[in-house]
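Take a look at the structure below.
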Amino acid sequence: MGVVPTFRGPVDGSDLGRVLIHEHIFVRNLELENIVPGLTFEPEGAKERAIRELTGLHEAGIGTVVDLTVPGLGRAVPLVASVAAQVPMHVVAATGYYTADVLPLYFQFHGAGRLIDEPDPLVAMFVRDIEGGIGETSVRAGMIKVMTGPAGWTPDVERVMTAAATAHARTGVSITTHSVPQVRNGLTQQRYLMEHGVPADRIVIGHSGDTEDLDYLRELMDNGSTIGMDRFGMEHVLPDDRRVATVFRLIEQGYASQMVLSHDAAIESHVTPPAWRARAAPHWRMGSMVDRILPMLRAGGTSETDLEQMLVTNPRRLLEPPP
Ligand SMILES: [Zn+2]
């Protein structure tokens, strides 16, 4: 009996293997691509590259990738489903909304107390994505993604957070965030979600690995949440050796059961095109975990038990329904 939804249907938590819990298959702008000069997307080529990369990743020992590409980031479930159908690994879809400031016009006019006065369509969308299937597909979402960005805690950011908490209450699905640890806003996200009924242990504060502020990271975990050390390879933000050193220190202090490891990488992204990645961030790819980061962690003395905890046990706990 499978309990974790994937692009190919539900699987048992014990079948997930090593999980990269914060990645992106394709980050796109469906409206602008092939219109803005230079912003091209060719589905067949992209699909082939994705199949090749994910197959290689599976051969290297990764069992599951969670694709946190939600609306606002160019989510295109049928295309990713056609990739997932042809790779040996599990791919998990997500719902949520990615906006740093305002939601699209549709949501300004639809919702409680708005021109078209109805329950918030965001909630209906999140719940349908989780329980029924995304759009015309039968692919169900396995995580809810929210974000707070440079614009701070705007009314629409709060609206997405509220809708996520409501969808969590109905479904039990974990919530993962995009945070900006430099301004310690994971604590604001955590507090708000907990005040709205989300248990701390169903929250992942994403991008926490971008900081070396151990007090901040410990506070998030002492409050009960998991932190995403999920941007390995993003050396233009913080070099990997420093990211690894932070993980070491927190393992030493007993926090292995509250960290998850990933890259926040994309196979193809309109935000950071391939030529720029190749030049500025060559290690920012999903293969880095196995061929680069795990060896660095092992060389520093991290045990296989702790690696298994962060890559297998913790993600499984977050993706399975709560007990
Ligand atoms: Zn991401």
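Here, A, B, ... name the chains of the structure tokens in the order displayed, residue numbers run from 1 inside each chain, and ligands are numbered from 1 in the same displayed order.
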> Could you list, as a list in words, all the residues within 8 Å of ligand 1, counting only C-alpha atoms and all ligand atoms?
Replying inline: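 Going residue by residue within 8 Å of ligand 1, we get His22, Glu23, His24, Leu68, Thr69, His178, Asp264 and Ala265 of chain A.
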Save the residues we just selected, all heavy atoms, as a JSON list (two decimals), in the first residue's frame?
```json
[["chain", "number", "residue", "atom", "x", "y", "z"],
["A", 22, "HIS", "N", 14.59, 18.96, -2.09],
["A", 22, "HIS", "CA", 14.30, 20.30, -2.62],
["A", 22, "HIS", "C", 15.04, 20.50, -3.94],
["A", 22, "HIS", "O", 16.19, 20.95, -3.95],
["A", 22, "HIS", "CB", 14.69, 21.39, -1.62],
["A", 22, "HIS", "CG", 14.18, 22.76, -2.00],
["A", 22, "HIS", "ND1", 13.55, 23.61, -1.12],
["A", 22, "HIS", "CD2", 14.19, 23.42, -3.19],
["A", 22, "HIS", "CE1", 13.20, 24.72, -1.75],
["A", 22, "HIS", "NE2", 13.60, 24.63, -3.00],
["A", 23, "GLU", "N", 14.40, 20.11, -5.02],
["A", 23, "GLU", "CA", 15.00, 20.29, -6.36],
["A", 23, "GLU", "C", 13.92, 20.80, -7.31],
["A", 23, "GLU", "O", 12.75, 20.91, -6.96],
["A", 23, "GLU", "CB", 15.55, 18.94, -6.87],
["A", 23, "GLU", "CG", 16.53, 18.25, -5.94],
["A", 23, "GLU", "CD", 17.88, 18.96, -5.78],
["A", 23, "GLU", "OE1", 18.19, 19.87, -6.58],
["A", 23, "GLU", "OE2", 18.62, 18.63, -4.83],
["A", 24, "HIS", "N", 14.37, 21.09, -8.53],
["A", 24, "HIS", "CA", 13.45, 21.53, -9.58],
["A", 24, "HIS", "C", 13.83, 20.80, -10.87],
["A", 24, "HIS", "O", 15.00, 20.77, -11.23],
["A", 24, "HIS", "CB", 13.56, 23.03, -9.81],
["A", 24, "HIS", "CG", 13.23, 23.83, -8.57],
["A", 24, "HIS", "ND1", 11.94, 24.17, -8.23],
["A", 24, "HIS", "CD2", 14.02, 24.32, -7.58],
["A", 24, "HIS", "CE1", 11.96, 24.84, -7.09],
["A", 24, "HIS", "NE2", 13.20, 24.93, -6.66],
["A", 68, "LEU", "N", 10.03, 20.76, -6.29],
["A", 68, "LEU", "CA", 9.27, 21.80, -5.60],
["A", 68, "LEU", "C", 8.89, 22.95, -6.53],
["A", 68, "LEU", "O", 8.71, 24.09, -6.09],
["A", 68, "LEU", "CB", 10.06, 22.33, -4.39],
["A", 68, "LEU", "CG", 10.17, 21.34, -3.22],
["A", 68, "LEU", "CD1", 10.90, 21.99, -2.04],
["A", 68, "LEU", "CD2", 8.80, 20.86, -2.76],
["A", 69, "THR", "N", 8.77, 22.65, -7.81],
["A", 69, "THR", "CA", 8.33, 23.66, -8.77],
["A", 69, "THR", "C", 6.81, 23.79, -8.67],
["A", 69, "THR", "O", 6.08, 22.85, -9.01],
["A", 69, "THR", "CB", 8.74, 23.25, -10.19],
["A", 69, "THR", "OG1", 10.14, 22.91, -10.17],
["A", 69, "THR", "CG2", 8.48, 24.37, -11.17],
["A", 178, "HIS", "N", 10.63, 28.52, 1.23],
["A", 178, "HIS", "CA", 11.81, 29.24, 0.74],
["A", 178, "HIS", "C", 12.00, 30.37, 1.76],
["A", 178, "HIS", "O", 11.12, 31.22, 1.90],
["A", 178, "HIS", "CB", 11.52, 29.78, -0.67],
["A", 178, "HIS", "CG", 12.50, 30.80, -1.16],
["A", 178, "HIS", "ND1", 13.34, 30.58, -2.23],
["A", 178, "HIS", "CD2", 12.76, 32.06, -0.74],
["A", 178, "HIS", "CE1", 14.08, 31.66, -2.44],
["A", 178, "HIS", "NE2", 13.74, 32.58, -1.55],
["A", 264, "ASP", "N", 18.53, 22.41, -4.45],
["A", 264, "ASP", "CA", 17.73, 23.48, -5.06],
["A", 264, "ASP", "C", 18.22, 23.73, -6.49],
["A", 264, "ASP", "O", 18.24, 24.86, -6.97],
["A", 264, "ASP", "CB", 17.78, 24.77, -4.23],
["A", 264, "ASP", "CG", 16.70, 25.78, -4.60],
["A", 264, "ASP", "OD1", 15.70, 25.38, -5.24],
["A", 264, "ASP", "OD2", 16.85, 26.97, -4.25],
["A", 265, "ALA", "N", 18.65, 22.66, -7.14],
["A", 265, "ALA", "CA", 19.15, 22.79, -8.52],
["A", 265, "ALA", "C", 18.02, 22.56, -9.50],
["A", 265, "ALA", "O", 16.93, 22.12, -9.13],
["A", 265, "ALA", "CB", 20.27, 21.77, -8.75]]
```
>> Applying 7 Å and only C-alpha atoms, which residues near stretch 161-165 of chain A remain after dropping the ones on its own chain fewer than 3 positions away? List them as a PyMOL selection string.
In response: chain A and resi 96+122-123+144+146+157-158+168-169+193+196-198
Contacts of stretch 192-279 of chain A with stretch 29-33 of chain A up to 12 Å, shortest pair per row, only C-alpha atoms, as a tab-separated table:
```
residue	atom	partner	partner_atom	distance
A:Glu268	CA	A:Asn29	CA	11.6
A:Ser269	CA	A:Asn29	CA	9.1
A:His270	CA	A:Asn29	CA	7.0
A:Val271	CA	A:Asn29	CA	8.9
```
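Between A:Trp276 and the residues A:His236, A:Val139, A:Ala85, A:Thr302, the shortest atom-to-atom distance, using only C-alpha atoms, involves A:His236.
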> Which neighbours of A:Phe232 fall inside 7 Å, counting only C-alpha atoms, when residues of the same chain fewer than 5 positions from it are skipped, and could you give them as a PyMOL selection string?
Replying inline: chain A and resi 240+262-263+284
Let me see the file: selected residues, N, CA, C and O atoms, as a PDB file, in the first residue's frame.
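Dumped everything to selection_30.pdb:
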```
ATOM      1  N   ASP A 240      30.597  25.403  -0.782  1.00  0.00           N
ATOM      2  CA  ASP A 240      30.183  24.112  -0.233  1.00  0.00           C
ATOM      3  C   ASP A 240      30.962  23.706   1.019  1.00  0.00           C
ATOM      4  O   ASP A 240      30.401  23.081   1.921  1.00  0.00           O
ATOM      5  N   SER A 262      19.945  18.746   0.105  1.00  0.00           N
ATOM      6  CA  SER A 262      19.525  18.830  -1.293  1.00  0.00           C
ATOM      7  C   SER A 262      20.303  19.950  -1.976  1.00  0.00           C
ATOM      8  O   SER A 262      21.263  20.486  -1.389  1.00  0.00           O
ATOM      9  N   HIS A 263      19.926  20.286  -3.221  1.00  0.00           N
ATOM     10  CA  HIS A 263      20.683  21.297  -3.976  1.00  0.00           C
ATOM     11  C   HIS A 263      19.873  22.521  -4.397  1.00  0.00           C
ATOM     12  O   HIS A 263      20.459  23.527  -4.781  1.00  0.00           O
ATOM     13  N   TRP A 284      26.518  23.217  -9.152  1.00  0.00           N
ATOM     14  CA  TRP A 284      25.102  23.345  -8.792  1.00  0.00           C
ATOM     15  C   TRP A 284      24.268  22.431  -9.685  1.00  0.00           C
ATOM     16  O   TRP A 284      23.697  22.838 -10.678  1.00  0.00           O
TER      17      TRP A 284
END
```
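In terms of minimum interatomic distance to A:Leu311, A:Thr64 ranks closest within A:Ser82, A:Thr188, A:Gln108, A:Thr64, counting only C-alpha atoms.
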> In terms of the shortest atom-to-atom distance over only C-alpha atoms, which of A:His207, A:Arg285, A:Arg292, A:Arg170 is closest to A:Ala50?
Replying inline: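 Checking each of A:His207, A:Arg285, A:Arg292, A:Arg170 against A:Ala50, counting only C-alpha atoms, the winner is A:Arg285.
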>> Please determine, counting only C-alpha atoms, which residue among A:Gly74, A:Gly17, A:Pro43, A:Gly142 has the shortest atom-to-atom distance to A:Met89.
In response: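 Of A:Gly74, A:Gly17, A:Pro43, A:Gly142, the one nearest A:Met89, counting only C-alpha atoms, is A:Gly17.
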>> For a test of reading the model, state the distance in Å between atom CA of A:Pro104 and atom CA of A:Pro155, rounded to one decimal.
In response: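 Atom-to-atom, atom CA of A:Pro104 to atom CA of A:Pro155, that is 12.9 Å.
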>> Considering only helix (DSSP H, G or I) as DSSP defines it on the backbone, what residues of stretch 43-169 of chain A qualify? List them as an MDAnalysis selection string.
In response: chainID A and resid 43:59 77:84 105:109 121:131 155:169
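The closest residue to A:His90, picked from A:Gly132, A:Pro78, A:Pro121, A:Gly13 and counting only C-alpha atoms, is A:Gly13.
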> Which is closer to A:Leu187 than all the others in A:Thr166, A:Ser225, A:Gln86, A:Thr55, using only C-alpha atoms?
Replying inline: A:Ser225
Determine which residues of stretch 142-323 of chain A receive a DSSP assignment of strand (DSSP E), computed from the backbone, and state them as a PDB file with N, CA and C atoms, in the first residue's frame.
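This went into part36.pdb:
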```
ATOM      1  N   GLY A 142       2.841  15.981  -3.070  1.00  0.00           N
ATOM      2  CA  GLY A 142       3.309  15.387  -1.818  1.00  0.00           C
ATOM      3  C   GLY A 142       3.889  16.376  -0.834  1.00  0.00           C
ATOM      4  N   MET A 143       4.018  17.648  -1.235  1.00  0.00           N
ATOM      5  CA  MET A 143       4.468  18.689  -0.310  1.00  0.00           C
ATOM      6  C   MET A 143       3.795  20.005  -0.696  1.00  0.00           C
ATOM      7  N   ILE A 144       3.739  20.923   0.265  1.00  0.00           N
ATOM      8  CA  ILE A 144       3.218  22.264   0.017  1.00  0.00           C
ATOM      9  C   ILE A 144       4.382  23.242   0.146  1.00  0.00           C
ATOM     10  N   LYS A 145       4.560  24.091  -0.872  1.00  0.00           N
ATOM     11  CA  LYS A 145       5.687  25.017  -0.869  1.00  0.00           C
ATOM     12  C   LYS A 145       5.188  26.448  -0.713  1.00  0.00           C
ATOM     13  N   VAL A 146       5.830  27.178   0.188  1.00  0.00           N
ATOM     14  CA  VAL A 146       5.506  28.599   0.390  1.00  0.00           C
ATOM     15  C   VAL A 146       6.820  29.379   0.396  1.00  0.00           C
ATOM     16  N   MET A 147       6.726  30.700   0.341  1.00  0.00           N
ATOM     17  CA  MET A 147       7.969  31.463   0.355  1.00  0.00           C
ATOM     18  C   MET A 147       7.815  32.832   0.995  1.00  0.00           C
ATOM     19  N   ILE A 175       4.695  21.102   4.970  1.00  0.00           N
ATOM     20  CA  ILE A 175       4.927  22.398   4.324  1.00  0.00           C
ATOM     21  C   ILE A 175       6.422  22.662   4.300  1.00  0.00           C
ATOM     22  N   THR A 176       6.927  23.085   3.138  1.00  0.00           N
ATOM     23  CA  THR A 176       8.330  23.455   3.032  1.00  0.00           C
ATOM     24  C   THR A 176       8.413  24.895   2.559  1.00  0.00           C
ATOM     25  N   THR A 177       9.428  25.609   3.007  1.00  0.00           N
ATOM     26  CA  THR A 177       9.492  27.034   2.704  1.00  0.00           C
ATOM     27  C   THR A 177      10.742  27.395   1.913  1.00  0.00           C
ATOM     28  N   HIS A 178      10.635  28.525   1.234  1.00  0.00           N
ATOM     29  CA  HIS A 178      11.813  29.244   0.744  1.00  0.00           C
ATOM     30  C   HIS A 178      11.997  30.369   1.756  1.00  0.00           C
ATOM     31  N   ILE A 203       7.031  20.996   9.294  1.00  0.00           N
ATOM     32  CA  ILE A 203       7.540  22.186   8.601  1.00  0.00           C
ATOM     33  C   ILE A 203       9.029  21.998   8.306  1.00  0.00           C
ATOM     34  N   VAL A 204       9.399  22.257   7.048  1.00  0.00           N
ATOM     35  CA  VAL A 204      10.818  22.319   6.676  1.00  0.00           C
ATOM     36  C   VAL A 204      11.142  23.777   6.349  1.00  0.00           C
ATOM     37  N   ILE A 205      12.103  24.350   7.074  1.00  0.00           N
ATOM     38  CA  ILE A 205      12.530  25.714   6.749  1.00  0.00           C
ATOM     39  C   ILE A 205      13.649  25.604   5.706  1.00  0.00           C
ATOM     40  N   THR A 226      12.358  20.861  10.873  1.00  0.00           N
ATOM     41  CA  THR A 226      13.521  20.372  10.133  1.00  0.00           C
ATOM     42  C   THR A 226      14.067  21.534   9.319  1.00  0.00           C
ATOM     43  N   ILE A 227      15.402  21.610   9.176  1.00  0.00           N
ATOM     44  CA  ILE A 227      15.969  22.669   8.342  1.00  0.00           C
ATOM     45  C   ILE A 227      16.511  22.069   7.048  1.00  0.00           C
ATOM     46  N   GLY A 228      16.291  22.802   5.958  1.00  0.00           N
ATOM     47  CA  GLY A 228      16.785  22.365   4.655  1.00  0.00           C
ATOM     48  C   GLY A 228      18.199  22.876   4.437  1.00  0.00           C
ATOM     49  N   MET A 229      19.170  21.939   4.471  1.00  0.00           N
ATOM     50  CA  MET A 229      20.535  22.280   4.060  1.00  0.00           C
ATOM     51  C   MET A 229      20.548  21.917   2.579  1.00  0.00           C
ATOM     52  N   MET A 259      17.785  17.592   9.951  1.00  0.00           N
ATOM     53  CA  MET A 259      18.335  18.237   8.753  1.00  0.00           C
ATOM     54  C   MET A 259      18.057  17.366   7.535  1.00  0.00           C
ATOM     55  N   VAL A 260      17.768  18.020   6.403  1.00  0.00           N
ATOM     56  CA  VAL A 260      17.654  17.326   5.118  1.00  0.00           C
ATOM     57  C   VAL A 260      18.610  17.993   4.133  1.00  0.00           C
ATOM     58  N   LEU A 261      19.124  17.193   3.187  1.00  0.00           N
ATOM     59  CA  LEU A 261      20.165  17.659   2.268  1.00  0.00           C
ATOM     60  C   LEU A 261      19.644  17.674   0.824  1.00  0.00           C
ATOM     61  N   ALA A 266      18.254  22.873 -10.748  1.00  0.00           N
ATOM     62  CA  ALA A 266      17.266  22.612 -11.795  1.00  0.00           C
ATOM     63  C   ALA A 266      17.977  21.975 -12.972  1.00  0.00           C
ATOM     64  N   ILE A 267      17.255  21.132 -13.686  1.00  0.00           N
ATOM     65  CA  ILE A 267      17.840  20.566 -14.900  1.00  0.00           C
ATOM     66  C   ILE A 267      17.848  21.631 -15.987  1.00  0.00           C
ATOM     67  N   GLU A 268      16.813  22.433 -16.013  1.00  0.00           N
ATOM     68  CA  GLU A 268      16.808  23.593 -16.897  1.00  0.00           C
ATOM     69  C   GLU A 268      16.030  24.705 -16.200  1.00  0.00           C
ATOM     70  N   SER A 269      16.614  25.908 -16.158  1.00  0.00           N
ATOM     71  CA  SER A 269      15.951  27.015 -15.469  1.00  0.00           C
ATOM     72  C   SER A 269      16.071  28.292 -16.270  1.00  0.00           C
TER      73      SER A 269
END
```
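The gap separating atom CA of A:Tyr98 from atom CA of A:Gly152 is 13.4 Å, in Å to one decimal.
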Selection: 10 Å around A:Ser14, only C-alpha atoms, excl. self and same-chain fewer than 2 positions, as a PDB file with N, CA and C atoms, in the first residue's frame:
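This is the output file selection37.pdb:
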```
ATOM      1  N   GLY A   2       0.903   1.951  -1.141  1.00  0.00           N
ATOM      2  CA  GLY A   2       1.712   3.155  -1.220  1.00  0.00           C
ATOM      3  C   GLY A   2       1.074   4.323  -0.501  1.00  0.00           C
ATOM      4  N   VAL A   3       1.882   5.091   0.164  1.00  0.00           N
ATOM      5  CA  VAL A   3       1.330   6.236   0.883  1.00  0.00           C
ATOM      6  C   VAL A   3       1.946   7.568   0.449  1.00  0.00           C
ATOM      7  N   VAL A   4       3.078   7.506  -0.278  1.00  0.00           N
ATOM      8  CA  VAL A   4       3.697   8.753  -0.744  1.00  0.00           C
ATOM      9  C   VAL A   4       3.350   8.932  -2.219  1.00  0.00           C
ATOM     10  N   VAL A  11       3.715   5.360  -3.718  1.00  0.00           N
ATOM     11  CA  VAL A  11       4.706   4.337  -3.382  1.00  0.00           C
ATOM     12  C   VAL A  11       4.830   4.252  -1.865  1.00  0.00           C
ATOM     13  N   ASP A  12       5.351   3.151  -1.411  1.00  0.00           N
ATOM     14  CA  ASP A  12       5.571   2.979   0.021  1.00  0.00           C
ATOM     15  C   ASP A  12       6.766   3.826   0.458  1.00  0.00           C
ATOM     16  N   LEU A  16      11.397   4.798  -1.021  1.00  0.00           N
ATOM     17  CA  LEU A  16      11.892   6.098  -1.509  1.00  0.00           C
ATOM     18  C   LEU A  16      13.407   6.118  -1.667  1.00  0.00           C
ATOM     19  N   GLY A  17      14.108   5.384  -0.817  1.00  0.00           N
ATOM     20  CA  GLY A  17      15.575   5.409  -0.865  1.00  0.00           C
ATOM     21  C   GLY A  17      16.100   6.761  -0.417  1.00  0.00           C
ATOM     22  N   VAL A 312      17.533   9.663   4.041  1.00  0.00           N
ATOM     23  CA  VAL A 312      16.491   8.636   3.906  1.00  0.00           C
ATOM     24  C   VAL A 312      15.401   8.811   4.979  1.00  0.00           C
ATOM     25  N   THR A 313      15.812   8.737   6.232  1.00  0.00           N
ATOM     26  CA  THR A 313      14.833   8.686   7.324  1.00  0.00           C
ATOM     27  C   THR A 313      14.042  10.001   7.457  1.00  0.00           C
ATOM     28  N   ARG A 316      11.688  10.681   4.488  1.00  0.00           N
ATOM     29  CA  ARG A 316      10.575   9.726   4.512  1.00  0.00           C
ATOM     30  C   ARG A 316       9.521  10.159   5.545  1.00  0.00           C
ATOM     31  N   GLU A 320       5.755  10.916   4.279  1.00  0.00           N
ATOM     32  CA  GLU A 320       4.677  10.006   4.681  1.00  0.00           C
ATOM     33  C   GLU A 320       3.618  10.786   5.453  1.00  0.00           C
TER      34      GLU A 320
END
```
>> Excluding A:Gly172 and its own-chain neighbours fewer than 6 positions away, which residues fall within 9 Å of it when counting only C-alpha atoms? Please give them as a VMD selection string.
In response: chain A and resid 198 202 321 to 322
Include N, CA and C atoms and write out the residues we just selected as a CSV table (one decimal), in the first residue's frame.
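Saved file part-v1.csv follows:
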```
chain,number,residue,atom,x,y,z
A,198,VAL,N,-0.1,24.4,12.3
A,198,VAL,CA,0.7,23.4,11.7
A,198,VAL,C,1.8,22.9,12.7
A,202,ARG,N,6.1,19.2,11.0
A,202,ARG,CA,5.6,19.0,9.6
A,202,ARG,C,6.0,20.3,8.8
A,321,PRO,N,2.4,10.3,5.4
A,321,PRO,CA,1.4,10.9,6.3
A,321,PRO,C,1.8,10.9,7.7
A,322,PRO,N,1.4,11.9,8.5
A,322,PRO,CA,1.7,11.8,10.0
A,322,PRO,C,1.1,10.6,10.6
```
